[in-house]
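**Student:** One file is attached below, upload.cif, containing mmCIF, C-alpha atoms.
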```
data_model
loop_
_atom_site.label_atom_id
_atom_site.label_comp_id
_atom_site.auth_asym_id
_atom_site.auth_seq_id
_atom_site.Cartn_x
_atom_site.Cartn_y
_atom_site.Cartn_z
CA MET A 1 -84.17 10.27 -32.83
CA GLU A 2 -81.23 12.66 -33.35
CA THR A 3 -79.50 11.40 -30.21
CA VAL A 4 -79.86 7.81 -31.39
CA ARG A 5 -78.60 8.80 -34.84
CA PHE A 6 -75.57 10.49 -33.24
CA LEU A 7 -74.81 7.49 -31.00
CA ILE A 8 -75.04 5.09 -33.94
CA CYS A 9 -72.71 7.36 -35.91
CA VAL A 10 -70.22 7.26 -33.00
CA PHE A 11 -70.58 3.47 -32.93
CA TYR A 12 -69.76 3.19 -36.65
CA CYS A 13 -66.76 5.52 -36.25
CA TYR A 14 -65.53 3.43 -33.31
CA LEU A 15 -65.84 0.26 -35.41
CA LEU A 16 -64.06 1.81 -38.39
CA ALA A 17 -61.20 3.01 -36.18
CA GLY A 18 -61.09 -0.45 -34.62
CA VAL A 19 -60.82 -2.23 -37.96
CA ILE A 20 -57.97 0.04 -39.08
CA PHE A 21 -56.20 -0.28 -35.73
CA ALA A 22 -56.63 -4.09 -35.63
CA ALA A 23 -55.05 -4.50 -39.07
CA PHE A 24 -52.01 -2.46 -38.03
CA PHE A 25 -51.83 -3.94 -34.52
CA LEU A 26 -51.84 -7.53 -35.73
CA TRP A 27 -49.23 -6.68 -38.36
CA ARG A 28 -46.79 -4.89 -36.02
CA GLY A 29 -48.07 -4.30 -32.50
CA ALA A 30 -49.12 -7.71 -31.16
CA ALA A 31 -45.56 -9.07 -31.16
CA GLN A 32 -44.30 -5.95 -29.36
CA LEU A 33 -46.99 -6.24 -26.71
CA ASP A 34 -46.64 -9.98 -26.18
CA HIS A 35 -43.55 -12.02 -27.12
CA ALA A 36 -45.69 -15.14 -27.54
CA ALA A 37 -47.40 -13.37 -30.45
CA LYS A 38 -44.15 -13.16 -32.44
CA GLY A 39 -44.42 -15.03 -35.71
CA ILE A 40 -48.02 -16.10 -35.20
CA SER A 41 -49.76 -17.58 -38.23
CA TRP A 42 -52.26 -15.62 -40.34
CA LYS A 43 -54.97 -17.94 -39.00
CA THR A 44 -54.20 -16.81 -35.45
CA ARG A 45 -54.26 -13.18 -36.62
CA VAL A 46 -57.74 -13.78 -38.07
CA PHE A 47 -58.83 -15.18 -34.70
CA LEU A 48 -57.48 -12.13 -32.87
CA PHE A 49 -58.87 -9.59 -35.35
CA PRO A 50 -62.45 -9.16 -34.01
CA GLY A 51 -61.27 -8.69 -30.42
CA SER A 52 -58.54 -6.25 -31.51
CA ALA A 53 -61.10 -4.20 -33.44
CA ALA A 54 -63.54 -4.18 -30.53
CA LEU A 55 -61.07 -3.46 -27.72
CA TRP A 56 -58.73 -1.17 -29.62
CA PRO A 57 -58.53 1.61 -26.99
CA VAL A 58 -57.35 -0.95 -24.39
CA LEU A 59 -54.75 -2.44 -26.73
CA LEU A 60 -53.58 0.97 -27.92
CA ARG A 61 -52.97 2.10 -24.33
CA LYS A 62 -51.12 -1.12 -23.42
CA TRP A 63 -49.08 -0.95 -26.60
CA LEU A 64 -48.08 2.68 -25.99
CA VAL A 65 -47.17 1.92 -22.36
CA LYS A 66 -45.03 -1.01 -23.51
CA ARG A 67 -43.28 1.07 -26.18
CA ASN A 68 -42.46 3.82 -23.69
CA MET B 1 -50.13 -23.30 -22.40
CA SER B 2 -48.35 -22.30 -25.60
CA VAL B 3 -44.98 -20.71 -26.19
CA ILE B 4 -46.37 -19.25 -29.44
CA TYR B 5 -50.09 -18.80 -29.90
CA ASP B 6 -51.95 -21.27 -32.09
CA PRO B 7 -55.38 -20.48 -33.54
CA VAL B 8 -56.69 -23.50 -31.63
CA HIS B 9 -54.59 -25.82 -29.48
CA TRP B 10 -56.13 -29.02 -30.81
CA THR B 11 -56.24 -32.23 -28.80
CA PRO B 12 -58.13 -35.45 -29.64
CA HIS B 13 -60.61 -34.59 -26.89
CA LYS B 14 -61.29 -31.15 -28.38
CA LYS B 15 -61.88 -32.67 -31.83
CA THR B 16 -64.38 -35.14 -30.38
CA TYR B 17 -66.04 -32.32 -28.43
CA ASP B 18 -66.38 -30.20 -31.57
CA ARG B 19 -67.77 -33.10 -33.59
CA LEU B 20 -70.39 -33.61 -30.89
CA ILE B 21 -71.28 -29.89 -30.96
CA ALA B 22 -71.63 -30.02 -34.76
CA ALA B 23 -73.76 -33.18 -34.58
CA PHE B 24 -75.99 -31.58 -31.93
CA VAL B 25 -76.39 -28.38 -33.96
CA PHE B 26 -77.30 -30.20 -37.18
CA ALA B 27 -79.63 -32.64 -35.40
CA TYR B 28 -81.43 -29.76 -33.64
CA LEU B 29 -81.75 -27.69 -36.82
CA ALA B 30 -83.07 -30.67 -38.79
CA LEU B 31 -85.57 -31.61 -36.09
CA PHE B 32 -86.72 -28.03 -35.47
CA CYS B 33 -87.10 -27.18 -39.16
CA GLY B 34 -88.93 -30.44 -39.81
CA LEU B 35 -91.38 -29.75 -36.99
CA GLN B 36 -91.91 -26.13 -38.04
CA LEU B 37 -92.62 -27.13 -41.64
CA LEU B 38 -95.06 -29.72 -40.37
CA LEU B 39 -96.86 -27.36 -37.99
CA HIS B 40 -96.61 -24.19 -40.12
CA PRO B 41 -96.48 -25.18 -43.81
CA GLN B 42 -96.74 -21.49 -44.85
CA ILE B 43 -93.64 -20.42 -42.94
CA THR B 44 -91.04 -18.44 -44.94
CA ALA B 45 -87.40 -19.49 -45.14
CA GLU B 46 -86.26 -16.30 -43.32
CA THR B 47 -88.66 -16.86 -40.43
CA LEU B 48 -87.59 -20.49 -40.23
CA VAL B 49 -83.92 -19.47 -39.98
CA ILE B 50 -84.70 -16.81 -37.37
CA ARG B 51 -86.69 -19.21 -35.21
CA ALA B 52 -84.29 -22.15 -35.59
CA THR B 53 -81.13 -20.18 -34.82
CA GLY B 54 -82.76 -18.16 -32.05
CA THR B 55 -84.05 -21.18 -30.16
CA LEU B 56 -80.84 -23.15 -30.75
CA ALA B 57 -78.57 -20.35 -29.48
CA TYR B 58 -80.83 -19.84 -26.46
CA LEU B 59 -80.75 -23.57 -25.67
CA MET B 60 -76.95 -23.68 -26.05
CA LEU B 61 -76.60 -20.70 -23.72
CA HIS B 62 -78.52 -22.62 -21.05
CA ILE B 63 -76.20 -25.61 -21.50
CA ILE B 64 -73.14 -23.34 -21.25
CA LEU B 65 -74.44 -21.72 -18.09
CA ILE B 66 -75.19 -24.96 -16.27
CA ILE B 67 -71.95 -26.78 -17.16
CA GLY B 68 -69.90 -24.95 -14.48
CA PRO B 69 -72.24 -25.62 -11.54
CA LEU B 70 -72.93 -29.17 -12.74
CA CYS B 71 -69.19 -29.88 -12.54
CA ARG B 72 -69.17 -28.62 -8.97
CA LEU B 73 -72.03 -30.99 -8.19
CA SER B 74 -70.43 -34.01 -9.85
CA PRO B 75 -67.02 -34.52 -11.50
CA ARG B 76 -68.74 -36.71 -14.12
CA PHE B 77 -69.61 -33.52 -15.99
CA LEU B 78 -66.00 -32.28 -16.15
CA PRO B 79 -65.46 -33.46 -19.76
CA LEU B 80 -68.16 -30.95 -20.78
CA LEU B 81 -66.16 -28.15 -19.21
CA TYR B 82 -62.82 -28.82 -20.89
CA ASN B 83 -63.74 -27.18 -24.17
CA ARG B 84 -66.63 -24.96 -23.19
CA ARG B 85 -65.14 -22.02 -25.07
CA HIS B 86 -65.80 -23.77 -28.40
CA LEU B 87 -69.40 -24.28 -27.33
CA GLY B 88 -69.57 -20.58 -26.46
CA VAL B 89 -68.14 -19.42 -29.78
CA SER B 90 -70.49 -21.79 -31.66
CA MET B 91 -73.42 -20.38 -29.72
CA PHE B 92 -72.38 -16.82 -30.55
CA LEU B 93 -72.08 -17.60 -34.28
CA ILE B 94 -75.57 -19.13 -34.29
CA ALA B 95 -76.94 -16.13 -32.35
CA LEU B 96 -75.22 -13.84 -34.87
CA VAL B 97 -77.04 -15.54 -37.75
CA HIS B 98 -80.28 -14.99 -35.83
CA GLY B 99 -79.44 -11.32 -35.29
CA ILE B 100 -78.39 -10.66 -38.90
CA PHE B 101 -81.50 -12.31 -40.34
CA ASN B 102 -83.67 -10.26 -37.98
CA LEU B 103 -81.92 -7.06 -38.94
CA VAL B 104 -82.23 -7.85 -42.64
CA GLN B 105 -85.84 -8.99 -42.51
CA PHE B 106 -87.24 -6.31 -40.22
CA HIS B 107 -84.93 -3.29 -40.52
CA SER B 108 -83.12 -3.31 -43.86
CA LEU B 109 -85.90 -3.00 -46.38
CA GLY B 110 -86.54 0.73 -46.00
CA ASN B 111 -84.32 3.75 -46.59
CA VAL B 112 -83.31 4.04 -42.89
CA ASP B 113 -80.05 2.72 -41.50
CA PRO B 114 -80.80 -0.78 -40.08
CA LEU B 115 -79.41 0.04 -36.62
CA LEU B 116 -81.29 3.33 -36.53
CA SER B 117 -84.43 1.48 -37.51
CA LEU B 118 -83.82 -1.11 -34.78
CA PHE B 119 -83.69 1.55 -32.07
CA THR B 120 -86.30 3.99 -33.38
CA SER B 121 -89.01 1.90 -35.02
CA ASN B 122 -90.46 1.08 -31.61
CA THR B 123 -89.80 3.39 -28.67
CA GLN B 124 -92.46 2.18 -26.28
CA PHE B 125 -90.02 1.46 -23.47
CA GLY B 126 -92.72 2.20 -20.90
CA SER B 127 -95.04 -0.55 -22.09
CA LEU B 128 -94.35 -4.15 -21.12
CA ALA B 129 -96.74 -5.46 -23.78
CA ARG B 130 -95.04 -3.44 -26.55
CA PHE B 131 -91.50 -3.15 -25.20
CA PRO B 132 -88.88 -3.10 -28.03
CA PHE B 133 -87.46 -6.50 -27.13
CA GLN B 134 -85.18 -6.59 -30.18
CA SER B 135 -82.91 -3.94 -28.65
CA LEU B 136 -82.32 -6.25 -25.66
CA GLY B 137 -81.25 -8.98 -28.08
CA PHE B 138 -78.85 -6.54 -29.75
CA PHE B 139 -77.11 -5.61 -26.48
CA ALA B 140 -76.93 -9.25 -25.42
CA LEU B 141 -75.37 -10.08 -28.80
CA VAL B 142 -72.74 -7.36 -28.25
CA ILE B 143 -71.76 -8.95 -24.92
CA LEU B 144 -71.65 -12.43 -26.49
CA PHE B 145 -69.49 -11.02 -29.28
CA LEU B 146 -67.00 -9.54 -26.80
CA MET B 147 -66.82 -12.88 -25.02
CA ALA B 148 -66.36 -14.90 -28.21
CA ALA B 149 -63.81 -12.44 -29.62
CA THR B 150 -61.72 -12.59 -26.44
CA SER B 151 -61.91 -16.35 -25.92
CA HIS B 152 -58.34 -16.90 -27.18
CA ASP B 153 -55.51 -17.26 -24.62
CA PHE B 154 -53.92 -14.08 -26.03
CA TRP B 155 -56.72 -12.11 -24.40
CA LEU B 156 -56.52 -13.93 -21.11
CA LYS B 157 -52.86 -12.98 -20.84
CA ASN B 158 -53.03 -9.44 -22.21
CA LEU B 159 -56.24 -8.29 -20.55
CA SER B 160 -55.04 -10.00 -17.30
CA PRO B 161 -57.02 -12.88 -15.74
CA PRO B 162 -59.18 -10.72 -13.40
CA VAL B 163 -60.27 -8.37 -16.22
CA TRP B 164 -60.82 -11.30 -18.57
CA LYS B 165 -62.87 -13.13 -15.95
CA ALA B 166 -64.95 -10.01 -15.21
CA LEU B 167 -65.60 -9.54 -18.94
CA HIS B 168 -66.72 -13.14 -19.28
CA MET B 169 -69.00 -12.88 -16.25
CA GLY B 170 -70.96 -10.57 -18.55
CA VAL B 171 -72.63 -13.76 -19.77
CA TYR B 172 -75.05 -13.41 -16.85
CA ALA B 173 -76.03 -9.89 -17.93
CA ALA B 174 -76.46 -11.20 -21.48
CA TYR B 175 -78.58 -14.07 -20.18
CA ALA B 176 -80.82 -11.72 -18.20
CA MET B 177 -81.35 -9.58 -21.29
CA LEU B 178 -82.04 -12.65 -23.42
CA VAL B 179 -84.61 -13.98 -20.96
CA MET B 180 -86.44 -10.64 -21.29
CA HIS B 181 -85.88 -10.64 -25.07
CA VAL B 182 -87.42 -14.10 -25.41
CA MET B 183 -90.20 -13.61 -22.86
CA LEU B 184 -91.33 -10.29 -24.35
CA GLY B 185 -90.94 -11.60 -27.89
CA VAL B 186 -93.01 -14.68 -27.11
CA VAL B 187 -95.65 -12.62 -25.30
CA GLN B 188 -95.89 -10.08 -28.12
CA LEU B 189 -95.61 -12.32 -31.17
CA GLU B 190 -96.44 -15.90 -30.27
CA LYS B 191 -98.75 -15.71 -27.25
CA SER B 192 -98.06 -19.41 -26.67
CA PRO B 193 -98.28 -20.61 -23.04
CA VAL B 194 -96.09 -23.59 -23.93
CA LEU B 195 -93.24 -21.34 -25.08
CA ILE B 196 -93.60 -19.11 -22.00
CA ALA B 197 -93.54 -22.21 -19.77
CA LEU B 198 -90.44 -23.55 -21.57
CA THR B 199 -88.64 -20.21 -21.18
CA GLY B 200 -89.54 -20.10 -17.50
CA ALA B 201 -88.44 -23.72 -17.01
CA GLY B 202 -85.07 -22.92 -18.60
CA MET B 203 -84.56 -19.94 -16.33
CA PHE B 204 -85.50 -21.86 -13.18
CA THR B 205 -83.20 -24.73 -14.21
CA VAL B 206 -80.25 -22.35 -14.54
CA ILE B 207 -81.00 -20.62 -11.24
CA GLY B 208 -81.74 -23.91 -9.44
CA ILE B 209 -78.53 -25.64 -10.53
CA HIS B 210 -76.47 -22.57 -9.61
CA LEU B 211 -78.08 -22.46 -6.16
CA ALA B 212 -77.54 -26.20 -5.62
CA ALA B 213 -73.85 -25.88 -6.56
CA ALA B 214 -73.40 -22.84 -4.31
CA ILE B 215 -74.97 -24.66 -1.36
CA ARG B 216 -72.82 -27.73 -2.03
CA GLN B 217 -69.64 -25.63 -2.30
CA SER B 218 -70.47 -23.75 0.86
CA GLY B 219 -70.88 -27.06 2.70
CA LYS B 220 -67.55 -28.31 1.34
CA ASP B 221 -65.75 -25.15 2.38
CA GLN B 222 -67.12 -25.34 5.89
CA GLY B 223 -66.18 -29.01 6.10
CA SER B 224 -62.62 -28.35 5.13
CA VAL B 225 -62.21 -25.00 6.86
CA ARG B 226 -59.68 -25.63 9.51
CA LYS B 227 -61.01 -29.03 10.46
CA LYS B 228 -61.77 -28.72 14.10
CA ILE B 229 -58.83 -30.36 15.66
CA SER B 230 -60.13 -33.09 17.89
CA GLY B 231 -58.77 -33.47 21.43
CA ARG B 232 -56.34 -36.15 20.34
CA ASP B 233 -55.16 -34.19 17.31
CA MET B 234 -54.70 -31.12 19.43
CA GLU B 235 -52.70 -33.16 21.89
CA THR B 236 -50.58 -34.68 19.15
CA GLN B 237 -49.99 -31.33 17.53
CA GLN B 238 -49.27 -29.68 20.84
CA GLN B 239 -46.80 -32.37 21.81
CA ALA B 240 -45.08 -32.03 18.49
CA ALA B 241 -45.03 -28.28 18.74
CA ASP B 242 -43.72 -28.41 22.27
CA SER B 243 -40.97 -30.85 21.46
CA ASP B 244 -40.07 -29.40 18.10
CA GLN B 245 -40.81 -25.95 16.70
CA MET B 246 -41.18 -27.46 13.23
CA PHE B 247 -44.98 -27.59 13.60
CA SER B 248 -45.42 -23.93 14.47
CA GLY B 249 -48.05 -22.38 12.20
CA PHE B 250 -49.17 -25.75 10.82
CA VAL B 251 -52.78 -26.87 10.78
CA TYR B 252 -54.05 -30.43 10.75
CA ALA B 253 -55.30 -31.23 7.24
CA CYS B 254 -56.31 -34.89 7.03
CA GLU B 255 -55.09 -38.47 7.28
CA VAL B 256 -52.67 -39.81 4.68
CA SER B 257 -55.27 -42.43 3.73
CA ASP B 258 -57.81 -39.69 2.94
CA ILE B 259 -56.03 -38.87 -0.33
CA ALA B 260 -55.88 -41.32 -3.24
CA ASP B 261 -52.53 -41.79 -4.96
CA ASN B 262 -51.81 -39.12 -7.61
CA ARG B 263 -54.85 -37.18 -6.44
CA ALA B 264 -55.47 -34.23 -4.17
CA LYS B 265 -57.62 -32.98 -1.36
CA MET B 266 -58.88 -29.41 -1.39
CA LEU B 267 -58.35 -27.52 1.85
CA THR B 268 -59.60 -24.09 2.86
CA ILE B 269 -57.43 -22.84 5.69
CA SER B 270 -57.50 -19.21 6.83
CA GLY B 271 -59.20 -18.29 3.55
CA GLU B 272 -56.45 -19.95 1.47
CA GLN B 273 -57.64 -22.54 -1.04
CA ILE B 274 -54.94 -25.21 -1.06
CA ALA B 275 -54.61 -28.37 -3.17
CA LEU B 276 -52.78 -31.07 -1.19
CA PHE B 277 -51.40 -33.74 -3.53
CA LYS B 278 -50.20 -37.27 -2.73
CA TYR B 279 -47.90 -38.96 -5.24
CA GLY B 280 -45.91 -42.06 -4.42
CA ASN B 281 -44.68 -41.54 -0.85
CA LYS B 282 -44.64 -37.75 -1.18
CA LEU B 283 -47.01 -34.92 -0.30
CA SER B 284 -46.95 -31.38 -1.72
CA ALA B 285 -49.33 -28.44 -1.50
CA VAL B 286 -49.97 -25.68 -4.04
CA HIS B 287 -52.58 -22.97 -4.45
CA ASN B 288 -55.82 -24.49 -5.70
CA LEU B 289 -56.47 -22.11 -8.59
CA CYS B 290 -54.84 -22.66 -11.97
CA LYS B 291 -53.18 -19.55 -13.45
CA HIS B 292 -54.94 -20.10 -16.75
CA GLN B 293 -58.63 -19.72 -15.95
CA ASN B 294 -58.78 -20.35 -12.21
CA GLY B 295 -59.53 -24.05 -12.74
CA PRO B 296 -59.61 -26.17 -9.54
CA LEU B 297 -56.24 -27.94 -9.44
CA SER B 298 -57.42 -30.15 -6.56
CA GLU B 299 -59.86 -31.80 -8.98
CA GLY B 300 -57.02 -32.66 -11.33
CA LYS B 301 -54.46 -35.40 -10.95
CA ILE B 302 -50.73 -36.04 -11.28
CA ILE B 303 -49.91 -36.95 -14.88
CA ASP B 304 -46.30 -37.52 -15.96
CA GLY B 305 -45.14 -36.19 -12.61
CA CYS B 306 -47.07 -32.91 -13.01
CA ILE B 307 -50.22 -31.58 -11.37
CA THR B 308 -52.61 -31.34 -14.31
CA CYS B 309 -55.51 -28.91 -14.27
CA PRO B 310 -58.79 -30.68 -15.10
CA TRP B 311 -60.06 -27.78 -17.20
CA HIS B 312 -57.45 -27.24 -19.91
CA GLY B 313 -54.52 -29.45 -18.98
CA TYR B 314 -52.16 -26.74 -17.69
CA GLN B 315 -49.40 -28.44 -15.70
CA TYR B 316 -47.31 -27.61 -12.63
CA LEU B 317 -44.52 -29.45 -10.83
CA PRO B 318 -45.79 -30.33 -7.34
CA GLU B 319 -42.58 -29.42 -5.51
CA ASN B 320 -42.22 -25.88 -6.86
CA GLY B 321 -45.57 -24.94 -8.44
CA GLN B 322 -43.86 -24.09 -11.73
CA SER B 323 -45.02 -25.19 -15.16
CA PRO B 324 -42.36 -27.39 -16.75
CA PRO B 325 -40.08 -25.44 -19.16
CA PRO B 326 -40.54 -23.75 -21.58
CA PHE B 327 -43.87 -22.72 -20.02
CA GLU B 328 -43.92 -19.92 -17.47
CA GLU B 329 -47.06 -20.25 -15.33
CA LYS B 330 -46.48 -20.49 -11.56
CA VAL B 331 -48.68 -21.05 -8.51
CA CYS B 332 -47.97 -20.50 -4.80
CA THR B 333 -46.56 -23.36 -2.74
CA TYR B 334 -47.01 -24.34 0.92
CA ASP B 335 -45.11 -26.31 3.53
CA VAL B 336 -46.42 -29.77 4.37
CA ARG B 337 -45.42 -32.01 7.31
CA VAL B 338 -46.40 -35.56 8.20
CA LEU B 339 -46.58 -36.93 11.70
CA GLY B 340 -47.41 -40.62 11.70
CA THR B 341 -50.51 -40.83 9.55
CA LYS B 342 -51.52 -37.21 10.00
CA ILE B 343 -50.81 -34.45 7.51
CA TYR B 344 -50.27 -30.85 8.55
CA VAL B 345 -50.16 -27.87 6.22
CA ASN B 346 -48.90 -24.36 6.88
CA PRO B 347 -51.40 -22.01 5.18
CA LYS B 348 -48.80 -19.25 4.76
CA PRO B 349 -48.16 -19.17 0.99
CA TYR B 350 -44.72 -18.89 -0.55
CA PRO B 351 -44.38 -16.68 -3.63
CA ALA B 352 -45.55 -18.43 -6.82
CA GLY B 353 -42.98 -20.92 -8.05
CA THR B 354 -41.00 -21.19 -4.78
CA PRO B 355 -39.52 -24.71 -4.41
CA ARG B 356 -40.60 -26.48 -1.22
CA PRO B 357 -39.44 -29.98 -0.30
CA ALA B 358 -42.16 -32.62 -0.45
CA ALA B 359 -43.17 -34.21 2.84
CA LEU B 360 -42.26 -37.89 2.94
CA ILE B 361 -44.73 -40.50 4.10
CA ALA B 362 -43.12 -43.11 6.36
CA GLU B 363 -43.37 -46.62 4.89
#
```
What would the structure in this file look like if it were written as structure tokens?
**Tutor:**
Amino acid sequence: METVRFLICVFYCYLLAGVIFAAFFLWRGAAQLDHAAKGISWKTRVFLFPGSAALWPVLLRKWLVKRN
Amino acid sequence: MSVIYDPVHWTPHKKTYDRLIAAFVFAYLALFCGLQLLLHPQITAETLVIRATGTLAYLMLHIILIIGPLCRLSPRFLPLLYNRRHLGVSMFLIALVHGIFNLVQFHSLGNVDPLLSLFTSNTQFGSLARFPFQSLGFFALVILFLMAATSHDFWLKNLSPPVWKALHMGVYAAYAMLVMHVMLGVVQLEKSPVLIALTGAGMFTVIGIHLAAAIRQSGKDQGSVRKKISGRDMETQQQAADSDQMFSGFVYACEVSDIADNRAKMLTISGEQIALFKYGNKLSAVHNLCKHQNGPLSEGKIIDGCITCPWHGYQYLPENGQSPPPFEEKVCTYDVRVLGTKIYVNPKPYPAGTPRPAALIAE
């Protein structure tokens, strides 16, 4: 029970971090990572939001590599 | 194939496809709800929604899974493939409604976190008859979410095609979990032999069509693998090679008349999948797999002078394998030679986008 509670807590923290990251990434980072994402519409950003929130560690790593 | 990403790259075909999906969804929901109300007049609205969305999403998943192999069995099904991602996203949204209603109805009414309740209210993992089948549905829904959320071309490019493809192959893991989810759920809650038989029939249909397509593809590959050069071909090729080194490394592919105008023949030579196109009096060869989603270019045709992928319309110029500007996709090219009516292809690929002169067919 406690293990499950802990894992669910980790899951919620991951999601929260993902939502915060996705908002920032789609505002600034997406265009830096991929030139085709420059000037994308808010509708496209909405489409990319769930994936950005779910896969934020992957995007964060790629973004940092690109910046460096 | 966009310079800047659009939310959806609409085409008339996609709009028609989406209208058909919407019509199918509404027709199914109306029919299912009507039947349920007729057979179970006491049914609650929540249960009706759970059953209708669950069965609809499960049915749509079967359709999604069999579209690919059906297209390999017959090109008549290709129009179903062109916009399969919209069908997939629609299926996920319907499955999500099913999941949310389940979570609300069965796990949100107490003072325990709904997810905690989902995983701890039943822990009889060792019992088949009481297995917590809802947890299987949850994990399958997570996989379907990842697939739907990464269905945009942005993800294909930024995750890289192999990673993206591997992620989307997760549909089979999700399907396996959903088969168990449905089977166990039906066994535990419904106990209806008809529903068990329907679930089994769906599973055997998916497996059967996949097996049929694999057998068909295997036969095709063997047929086109380095067509055994007949005595005469060998002689012709040998003579040509002896008299002129230009045929060194080339392999007999087919007769000129074997390929329809503006169409291609798929060849598998030394493990290379090659699409050999005939257009006007020219012949060019490029790698068979589209850079977008590995669509089979040999099943496409030449439109406006470009090889056009049958899946999503990505285009390449036949003589250099490059997408016309401003697009940047490129596929490998190959050398082609013609001797009389016979076509020879060198299976050694040139780097993607390398211009190679088209072979000319003698009038």
**Student:** Taking only C-alpha atoms into account, find every residue of chain A that has an atom no more than 9 Å from chain B, and write it out as number ranges by chain.
**Tutor:** A: 1, 4-5, 8, 33-52, 54-55, 58-59, 62
**Student:** Residues picked by the PyMOL selection byres ((chain B and resi 339) around 10) here, as number ranges by chain?
**Tutor:** B: 236-237, 240, 247, 252, 255-256, 337-338, 340-344, 359-362
**Student:** In Å, rounded to a single decimal, give me how far atom CA of B:Ser160 is from atom CA of B:Leu297.
**Tutor:**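 Interatomic distance here is 19.6 Å.
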**Student:** Stretch 298-315 of chain B: which residues within 6 Å, counting all atoms listed in the file, same-chain residues fewer than 3 positions away excluded, as a VMD selection string?
**Tutor:** chain B and resid 82 262 to 266 275 288 295 323
**Student:** Atom CA of B:Pro69 and atom CA of B:Thr205 are how many Å apart?
**Tutor:**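 So the answer is 11.3 Å.
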**Student:** Figure out the distance between atom CA of B:Ala22 and atom CA of B:Thr55, please, to one decimal in Å.
**Tutor:** 15.9 Å
**Student:** Evaluate the PyMOL selection byres ((chain A and resi 63) around 10) and record the selected residues as a list of chain:residue names, following the chain and residue labels used in the document.
**Tutor:** A:Phe25, A:Gly29, A:Ala30, A:Ala31, A:Gln32, A:Leu33, A:Asp34, A:Pro57, A:Val58, A:Leu59, A:Leu60, A:Arg61, A:Lys62, A:Leu64, A:Val65, A:Lys66, A:Arg67, A:Asn68
**Student:** Selected by the PyMOL selection byres ((chain B and resi 140) around 8) in the shown coordinates: which residues, as a list in words?
**Tutor:** Leu136, Gly137, Phe138, Phe139, Leu141, Val142, Ile143, Leu144, Ala173, Ala174, Tyr175, Met177 and Leu178 of chain B
**Student:** Using 6 Å of padding on each side, determine the axis-aligned box around all atoms of stretch 62-76 of chain B present in the file and give its centre and edge lengths in Å to one decimal, as JSON.
**Tutor:**
```
{"center_x": -72.8, "center_y": -29.2, "center_z": -14.8, "size_x": 23.5, "size_y": 27.0, "size_z": 25.3}
```
